[in-house]
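> Input file: final06.csv. Contents: CSV, C-alpha atoms and all ligand atoms.
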chain,number,residue,atom,x,y,z
A,1,MET,CA,-3.5,-18.7,11.0
A,2,VAL,CA,-0.6,-18.6,8.6
A,3,GLN,CA,-0.5,-15.7,6.2
A,4,ASN,CA,1.5,-16.0,3.0
A,5,ILE,CA,2.9,-13.0,1.2
A,6,ARG,CA,3.9,-13.5,-2.4
A,7,PRO,CA,4.1,-11.6,-5.7
A,8,ALA,CA,0.8,-11.5,-7.5
A,9,THR,CA,0.5,-13.4,-10.8
A,10,LEU,CA,-1.9,-12.9,-13.7
A,11,ALA,CA,-4.0,-15.6,-12.1
A,12,ASP,CA,-4.7,-13.2,-9.2
A,13,VAL,CA,-5.9,-10.3,-11.3
A,14,ASP,CA,-9.7,-11.0,-10.8
A,15,ALA,CA,-9.2,-11.2,-7.0
A,16,LEU,CA,-7.1,-8.0,-7.1
A,17,VAL,CA,-9.8,-6.1,-9.0
A,18,GLN,CA,-12.5,-7.3,-6.6
A,19,LEU,CA,-10.5,-6.2,-3.6
A,20,GLU,CA,-9.6,-2.8,-5.3
A,21,ASN,CA,-13.3,-2.1,-6.0
A,22,LYS,CA,-14.2,-2.9,-2.4
A,23,CYS,CA,-11.5,-0.6,-1.0
A,24,PHE,CA,-11.5,2.4,-3.2
A,25,LEU,CA,-14.5,4.5,-4.4
A,26,THR,CA,-12.6,6.4,-7.0
A,27,ASP,CA,-9.3,6.0,-8.9
A,28,HIS,CA,-9.3,2.2,-8.7
A,29,LEU,CA,-7.0,0.2,-10.8
A,30,GLY,CA,-8.6,-2.1,-13.4
A,31,ARG,CA,-7.8,-5.4,-15.0
A,32,ARG,CA,-5.5,-3.9,-17.6
A,33,SER,CA,-3.6,-1.9,-15.1
A,34,PHE,CA,-3.0,-4.8,-12.8
A,35,ARG,CA,-1.9,-7.0,-15.8
A,36,ARG,CA,0.6,-4.3,-16.9
A,37,LEU,CA,1.9,-3.8,-13.3
A,38,ILE,CA,2.4,-7.5,-12.6
A,39,ASN,CA,4.5,-7.7,-15.8
A,40,SER,CA,6.4,-4.5,-15.2
A,41,PRO,CA,10.0,-4.6,-14.0
A,42,SER,CA,9.5,-1.3,-12.2
A,43,ALA,CA,6.5,-2.4,-10.1
A,44,LEU,CA,6.0,-4.9,-7.4
A,45,VAL,CA,2.5,-6.2,-6.6
A,46,LEU,CA,2.5,-8.3,-3.4
A,47,GLY,CA,-0.6,-10.2,-2.2
A,48,LEU,CA,-1.2,-11.4,1.3
A,49,PHE,CA,-3.1,-14.6,1.2
A,50,GLN,CA,-4.7,-16.9,3.7
A,51,GLU,CA,-5.6,-20.3,2.5
A,52,HIS,CA,-5.3,-19.0,-1.1
A,53,GLN,CA,-7.8,-16.2,-0.4
A,54,LEU,CA,-6.4,-12.7,-1.2
A,55,GLN,CA,-6.9,-10.6,2.0
A,56,ALA,CA,-4.7,-7.6,1.2
A,57,TYR,CA,-2.3,-6.3,-1.4
A,58,ILE,CA,0.4,-3.6,-1.7
A,59,LEU,CA,1.7,-2.0,-4.9
A,60,ILE,CA,5.2,-0.5,-5.1
A,61,LEU,CA,6.7,1.5,-7.9
A,62,THR,CA,10.4,1.5,-8.2
A,63,ARG,CA,12.0,3.6,-10.9
A,64,ASN,CA,15.6,3.1,-12.2
A,65,ASN,CA,16.4,6.8,-11.7
A,66,SER,CA,14.9,7.0,-8.2
A,67,ALA,CA,16.6,5.7,-5.0
A,68,TRP,CA,13.2,5.7,-3.3
A,69,TRP,CA,10.5,3.0,-3.4
A,70,ARG,CA,7.0,4.4,-3.7
A,71,VAL,CA,4.0,2.8,-2.1
A,72,TYR,CA,1.3,3.5,-4.7
A,73,SER,CA,-1.4,1.6,-3.0
A,74,VAL,CA,-2.1,-0.6,0.0
A,75,ALA,CA,-5.5,-2.1,0.7
A,76,VAL,CA,-7.0,-4.7,3.1
A,77,ASP,CA,-10.3,-6.5,2.5
A,78,PRO,CA,-13.0,-4.8,4.7
A,79,SER,CA,-13.7,-8.1,6.4
A,80,CYS,CA,-10.0,-8.4,7.5
A,81,ARG,CA,-9.3,-4.9,8.8
A,82,GLY,CA,-8.1,-4.0,12.2
A,83,GLN,CA,-5.8,-7.1,12.4
A,84,GLY,CA,-2.6,-5.3,11.4
A,85,LEU,CA,-2.4,-6.9,7.9
A,86,SER,CA,-1.4,-3.5,6.3
A,87,ARG,CA,1.4,-3.2,8.9
A,88,ILE,CA,2.7,-6.7,8.0
A,89,LEU,CA,2.8,-5.7,4.3
A,90,MET,CA,4.3,-2.3,5.0
A,91,GLU,CA,7.0,-3.7,7.2
A,92,HIS,CA,7.7,-6.4,4.6
A,93,ILE,CA,8.2,-3.7,2.0
A,94,ILE,CA,10.4,-1.5,4.2
A,95,GLU,CA,12.6,-4.5,4.9
A,96,ARG,CA,12.9,-5.3,1.2
A,97,ALA,CA,13.6,-1.7,0.3
A,98,LEU,CA,16.4,-1.6,2.9
A,99,LEU,CA,17.9,-4.8,1.6
A,100,SER,CA,17.8,-3.6,-2.0
A,101,GLY,CA,19.9,-0.5,-1.0
A,102,ALA,CA,17.0,2.0,-1.5
A,103,ALA,CA,17.2,5.4,0.2
A,104,GLY,CA,13.8,4.8,1.8
A,105,VAL,CA,10.1,4.5,1.1
A,106,ARG,CA,7.8,7.3,0.1
A,107,LEU,CA,4.0,7.5,-0.3
A,108,GLU,CA,1.2,10.0,-0.7
A,109,VAL,CA,-2.0,9.9,1.4
A,110,SER,CA,-5.1,12.0,1.4
A,111,VAL,CA,-5.4,14.3,4.3
A,112,THR,CA,-8.9,12.9,4.8
A,113,ASN,CA,-7.6,9.3,5.2
A,114,GLN,CA,-7.0,9.3,8.9
A,115,VAL,CA,-6.8,5.5,9.2
A,116,ALA,CA,-4.0,5.2,6.7
A,117,TYR,CA,-2.3,8.4,7.8
A,118,GLN,CA,-2.1,7.2,11.5
A,119,LEU,CA,-0.9,3.8,10.3
A,120,TYR,CA,2.0,5.4,8.4
A,121,LEU,CA,2.9,7.6,11.4
A,122,ARG,CA,2.9,4.6,13.7
A,123,LEU,CA,5.3,2.8,11.3
A,124,GLY,CA,7.7,5.8,11.5
A,125,PHE,CA,6.9,7.7,8.3
A,126,GLU,CA,7.0,11.5,8.5
A,127,VAL,CA,5.3,14.2,6.5
A,128,VAL,CA,7.7,15.9,4.1
A,129,ASP,CA,5.3,17.9,1.9
A,130,LEU,CA,1.7,19.0,1.6
A,131,LEU,CA,0.3,18.5,-1.9
A,132,PRO,CA,-2.6,20.8,-2.6
A,133,ALA,CA,-5.5,19.3,-4.6
A,134,TYR,CA,-3.4,16.2,-5.3
A,135,TYR,CA,-6.4,13.8,-5.7
A,136,ALA,CA,-9.0,13.6,-8.5
A,137,ASP,CA,-11.7,14.6,-6.0
A,138,GLY,CA,-9.8,17.8,-5.1
A,139,GLN,CA,-8.5,16.6,-1.7
A,140,ASP,CA,-5.0,17.6,-0.6
A,141,GLY,CA,-2.4,15.0,0.1
A,142,TYR,CA,0.5,14.5,2.4
A,143,ARG,CA,3.8,13.2,1.0
A,144,MET,CA,5.3,11.0,3.7
A,145,GLN,CA,8.7,9.2,3.8
A,146,PHE,CA,10.6,6.6,5.8
A,147,SER,CA,14.2,7.5,5.3
A,148,PHE,CA,16.9,4.9,6.0
A,149,ALA,CA,19.5,7.7,6.3
A,150,THR,CA,17.9,9.1,9.4
A,151,ARG,CA,17.5,5.8,11.3
B,201,LIG,C1,-5.8,1.8,5.5
B,201,LIG,C2,-5.9,0.3,5.6
B,201,LIG,C3,-4.9,-0.3,4.5
B,201,LIG,C4,-5.5,-0.2,7.0
B,201,LIG,O1,-5.5,-1.6,7.0
B,201,LIG,P1,-5.6,-2.5,8.4
B,201,LIG,O2,-4.8,-3.7,8.1
B,201,LIG,O3,-7.0,-2.6,8.8
B,201,LIG,O4,-4.9,-1.6,9.4
B,201,LIG,P2,-4.8,-1.9,11.0
B,201,LIG,O5,-5.1,-3.3,11.3
B,201,LIG,O6,-3.5,-1.3,11.5
B,201,LIG,O7,-6.0,-1.0,11.6
B,201,LIG,C5,-5.9,0.4,11.3
B,201,LIG,C6,-7.1,1.0,12.1
B,201,LIG,O8,-8.3,0.6,11.5
B,201,LIG,C7,-9.3,0.7,12.5
B,201,LIG,N1,-10.1,-0.6,12.6
B,201,LIG,C8,-10.0,-1.5,13.5
B,201,LIG,N2,-10.8,-2.5,13.3
B,201,LIG,C9,-11.4,-2.3,12.2
B,201,LIG,C10,-12.4,-2.9,11.4
B,201,LIG,N3,-12.9,-4.1,11.8
B,201,LIG,N4,-12.8,-2.4,10.3
B,201,LIG,C11,-12.3,-1.2,9.9
B,201,LIG,N5,-11.4,-0.5,10.6
B,201,LIG,C12,-10.9,-1.0,11.7
B,201,LIG,C13,-8.7,1.0,13.8
B,201,LIG,O9,-8.8,2.4,14.0
B,201,LIG,C14,-7.2,0.7,13.5
B,201,LIG,O10,-6.4,1.5,14.3
B,201,LIG,P3,-5.8,0.9,15.7
B,201,LIG,O11,-4.7,0.0,15.3
B,201,LIG,O12,-5.4,2.1,16.4
B,201,LIG,O13,-6.9,0.1,16.4
B,201,LIG,C15,-7.3,-0.2,5.3
B,201,LIG,O14,-8.2,0.5,6.2
B,201,LIG,C16,-7.8,0.0,3.9
B,201,LIG,O15,-7.6,-0.9,3.0
B,201,LIG,N6,-8.5,1.1,3.6
B,201,LIG,C17,-9.0,1.4,2.2
B,201,LIG,C18,-7.8,1.6,1.2
B,201,LIG,C19,-6.9,2.7,1.7
B,201,LIG,O16,-7.3,3.8,2.1
B,201,LIG,N7,-5.6,2.5,1.5
B,201,LIG,C20,-4.5,3.5,1.9
B,201,LIG,C21,-4.3,4.5,0.9
B,201,LIG,S1,-3.5,3.9,-0.5
Write out the structure in this file as structure tokens.


Amino acid sequence: MVQNIRPATLADVDALVQLENKCFLTDHLGRRSFRRLINSPSALVLGLFQEHQLQAYILILTRNNSAWWRVYSVAVDPSCRGQGLSRILMEHIIERALLSGAAGVRLEVSVTNQVAYQLYLRLGFEVVDLLPAYYADGQDGYRMQFSFATR
């Protein structure tokens, strides 16, 4: 079936919040945050839709003073997992970052999130830092990056 990736709009905020609550137990983004991010010039919120149903989203932060794009969040509806949707979104972002002239893509992931960690490794990300007690629940994180310079 055809999946459609497009920037989220304010009309998608309810669906984004629902998806976020299904995917993250702590630290989830609320309505106000999604509204602010959708309107922000330094954020990119992309949704992956099938027949107008939101199945996954990715949130990128780009800052004027940083050459790196940062994946702040990627999440797939539990009923749509294991189909490679996160890979589609991540590859889409890597391509866009490359075309925009970025140095590469960076992200942080909890050392306990093996599904996401393995996905990033398969995509070609490498660990560049260990971040002790990085998360609100005290878990350590990995900083990972996909550098265009080393390709
Ligand atoms: C991490 C996440 C984005 C991966 O999304 P995805 O599109 O399901 O990824 P994939 O299709 O590549 O599957 C990844 C792995 O999930 C597992 N998986 C397979 N089917 C699954 C299913 N029905 N349900 C759950 N997990 C499944 C498999 O181990 C698979 O690995 P494999 O490719 O070696 O078989 C998704 O699990 C998610 O939204 N998790 C909660 C939010 C999160 O942790 N985000 C990342 C940190 S910001």

> Counting all atoms listed in the file, what is within 12 Å of Arg32 of chain A, bar same-chain residues fewer than 6 positions away, as a PyMOL selection string?

chain A and resi 10+13-14+16-17+38-39

> Quote the spacing between atom CA of Gly30 of chain A and atom CA of Ser73 of chain A in Å to one decimal place.

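Atom-to-atom, atom CA of Gly30 of chain A and atom CA of Ser73 of chain A are spaced 13.2 Å apart.
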
> Considering all atoms listed in the file, state which residue in the set A:Gln50, A:Thr26, A:Ser40, A:Asn64 is at the smallest distance from ligand LIG 201 (chain B).

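Among the listed residues, A:Thr26 lies closest to ligand LIG 201 (chain B).
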
> Give the residues close to ligand LIG 201 (chain B), within 10 Å, counting all atoms listed in the file; write them as a compact mmCIF listing (two decimals) with C-alpha atoms, in the coordinates of the input.


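File selection_11.txt, as written:
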# COMPACT_ATOMS: atom_id res chain seq x y z
CA LEU A 19 -10.50 -6.20 -3.60
CA GLU A 20 -9.60 -2.80 -5.30
CA ASN A 21 -13.30 -2.10 -6.00
CA LYS A 22 -14.20 -2.90 -2.40
CA CYS A 23 -11.50 -0.60 -1.00
CA PHE A 24 -11.50 2.40 -3.20
CA LEU A 25 -14.50 4.50 -4.40
CA GLN A 55 -6.90 -10.60 2.00
CA ALA A 56 -4.70 -7.60 1.20
CA TYR A 57 -2.30 -6.30 -1.40
CA ILE A 58 0.40 -3.60 -1.70
CA LEU A 59 1.70 -2.00 -4.90
CA VAL A 71 4.00 2.80 -2.10
CA TYR A 72 1.30 3.50 -4.70
CA SER A 73 -1.40 1.60 -3.00
CA VAL A 74 -2.10 -0.60 0.00
CA ALA A 75 -5.50 -2.10 0.70
CA VAL A 76 -7.00 -4.70 3.10
CA ASP A 77 -10.30 -6.50 2.50
CA PRO A 78 -13.00 -4.80 4.70
CA SER A 79 -13.70 -8.10 6.40
CA CYS A 80 -10.00 -8.40 7.50
CA ARG A 81 -9.30 -4.90 8.80
CA GLY A 82 -8.10 -4.00 12.20
CA GLN A 83 -5.80 -7.10 12.40
CA GLY A 84 -2.60 -5.30 11.40
CA LEU A 85 -2.40 -6.90 7.90
CA SER A 86 -1.40 -3.50 6.30
CA ARG A 87 1.40 -3.20 8.90
CA ILE A 88 2.70 -6.70 8.00
CA LEU A 89 2.80 -5.70 4.30
CA MET A 90 4.30 -2.30 5.00
CA LEU A 107 4.00 7.50 -0.30
CA GLU A 108 1.20 10.00 -0.70
CA VAL A 109 -2.00 9.90 1.40
CA SER A 110 -5.10 12.00 1.40
CA THR A 112 -8.90 12.90 4.80
CA ASN A 113 -7.60 9.30 5.20
CA GLN A 114 -7.00 9.30 8.90
CA VAL A 115 -6.80 5.50 9.20
CA ALA A 116 -4.00 5.20 6.70
CA TYR A 117 -2.30 8.40 7.80
CA GLN A 118 -2.10 7.20 11.50
CA LEU A 119 -0.90 3.80 10.30
CA TYR A 120 2.00 5.40 8.40
CA ARG A 122 2.90 4.60 13.70
CA LEU A 123 5.30 2.80 11.30

> Determine the nearest neighbour of Ile60 of chain A from the options A:Gly47, A:Gly101, A:Gly138, A:Gly124, counting all atoms listed in the file.

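Checking each candidate against Ile60 of chain A, we get A:Gly47 as the closest.
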
> So how many Å separate atom CA of Asp140 of chain A and atom CA of Leu61 of chain A, to one decimal?

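Value for the atom CA of Asp140 of chain A-atom CA of Leu61 of chain A distance: 21.2 Å.
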
> With only C-alpha atoms as the basis for distance, which of A:Gln3, A:Ser66, A:Ser33, A:Gln18 is at the shortest distance from Glu51 of chain A?

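Between A:Gln3, A:Ser66, A:Ser33, A:Gln18, the residue approaching Glu51 of chain A most closely is A:Gln3.
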
> Between atom CA of Gly141 of chain A and atom CA of Arg36 of chain A, what distance in Å does the model show, to one decimal?

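Computing the Euclidean distance for atom CA of Gly141 of chain A and atom CA of Arg36 of chain A yields 25.9 Å.
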
> Which of these residues is nearest to Gly104 of chain A, using all atoms listed in the file: A:Phe125, A:Tyr142, A:Tyr134, A:Phe148?

A:Phe148

> Considering all atoms listed in the file, state which residue in the set A:Asn65, A:Asn4, A:Ser147, A:Gln139 is at the smallest distance from His52 of chain A.

A:Asn4
